[in-house]
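First comes the structure, then the notes that go with it.
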Amino acid sequence: MNWIKIIIAAVFEIGWVVGLTHASSTIEWLFTVIAIVLSFYLLINASKSLPVGTAYAVFVGLGTTGVTVFDFLVFAHTINVGKVILIFTLLIGVIGLKLVTTDKGDEAK
């Protein structure tokens with residue numbers, strides 16, 4: 001369940017990063033602030049049961065990948081082979097961290 005919180009937090013991170021760049025109305029800024037609060041709340045909550053370093057690395061890795069893909073799909077930013085290779089490298093690292101990490105509660109048993 002905590003890994004799902006990290007994934008949802010990363011989705012909100014994508015929202016607030018895009019909001020910081022493109023928000024132009026009060027409503028858009030309000031949604032941006034809400035996304036910031038929710039993303040960090042979920043990250044902090046999940047970090048109570050997961051190693052903080054791993055949780056944060058997964059959060060940032062997924063958020064970075066999501067923002068890059070979102071920019072490409074929605075705002076038609078350029079993407080090249082180098083970016084694709086680096087995104088896949090980042091995702092492999094994030095997946096690897098998730099696979100080798102256990103919940104803090106599991107380590108105590």
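Quick note on naming: the chains in the structure tokens go A, B, ... in the order shown, residues restart at 1 in each chain, and ligands are numbered from 1 in order of appearance.
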
* **Selection near Leu97 of chain A, 9 Å with only C-alpha atoms, sequence-local residues under 4 positions removed, as a ChimeraX atom specification** => /A:54-55,57-58,92-93,101

Return as a ChimeraX atom specification the full set of residues in chain A whose backbone-based DSSP assignment is helix (DSSP H, G or I).
-> /A:2-22,26-47,52-75,81-100,104-107

*Test item: residues at most 12 Å from Val33 of chain A, only C-alpha atoms, excluding those fewer than 6 positions along its chain, as a list in words*: Phe12, Glu13, Gly15, Trp16, Val17, Val18, Gly19, Leu20, Ala23, Thr26, Ile27, Ser39 and Phe40 of chain A

Selected residues written out, C-alpha atoms, as an mmCIF file, in the first residue's frame:
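The resulting file, result_13.cif, is shown below:
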data_model
loop_
_atom_site.group_PDB
_atom_site.id
_atom_site.type_symbol
_atom_site.label_atom_id
_atom_site.label_comp_id
_atom_site.auth_asym_id
_atom_site.auth_seq_id
_atom_site.Cartn_x
_atom_site.Cartn_y
_atom_site.Cartn_z
ATOM 1 C CA PHE A 12 0.510 14.823 -7.916
ATOM 2 C CA GLU A 13 4.138 15.899 -8.303
ATOM 3 C CA GLY A 15 0.599 18.092 -11.556
ATOM 4 C CA TRP A 16 2.291 20.662 -9.356
ATOM 5 C CA VAL A 17 5.431 20.881 -11.478
ATOM 6 C CA VAL A 18 3.304 21.535 -14.552
ATOM 7 C CA GLY A 19 1.187 23.939 -12.487
ATOM 8 C CA LEU A 20 4.222 25.928 -11.352
ATOM 9 C CA ALA A 23 -0.645 28.218 -13.974
ATOM 10 C CA THR A 26 -6.261 31.724 -9.294
ATOM 11 C CA ILE A 27 -8.005 28.367 -9.745
ATOM 12 C CA SER A 39 2.122 14.878 -2.986
ATOM 13 C CA PHE A 40 4.250 15.635 0.061
#

Closest of A:Ala35, A:Leu43, A:Gly66, A:Leu73 to Ile87 of chain A, counting only C-alpha atoms, is A:Gly66

Judged by only C-alpha atoms, the minimum distance to Ile36 of chain A among A:Ile79, A:Asn2, A:Ile14, A:Val74 is found for A:Ile14

If you count only C-alpha atoms, the residue of A:Met1, A:Phe75, A:Ala9, A:Leu62 closest to His22 of chain A turns out to be A:Phe75

From the list A:Ile6, A:Ala76, A:Val81, A:Val67, the nearest residue to Asn45 of chain A using only C-alpha atoms is A:Ile6

The residue from A:Gly61, A:Ile4, A:Lys83, A:Asp71 with the smallest atom-to-atom distance to Ile95 of chain A, counting only C-alpha atoms, is A:Gly61

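Each of A:Trp3, A:Leu90, A:Leu99, A:Phe72 was compared to Leu50 of chain A using only C-alpha atoms, and A:Trp3 turns out to be the nearest.
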
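In this model, the gap between atom CA of Val60 of chain A and atom CA of Thr89 of chain A comes to 13.8 Å.
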
The distance between atom CA of Ile34 of chain A and atom CA of Ile8 of chain A is 13.5 Å
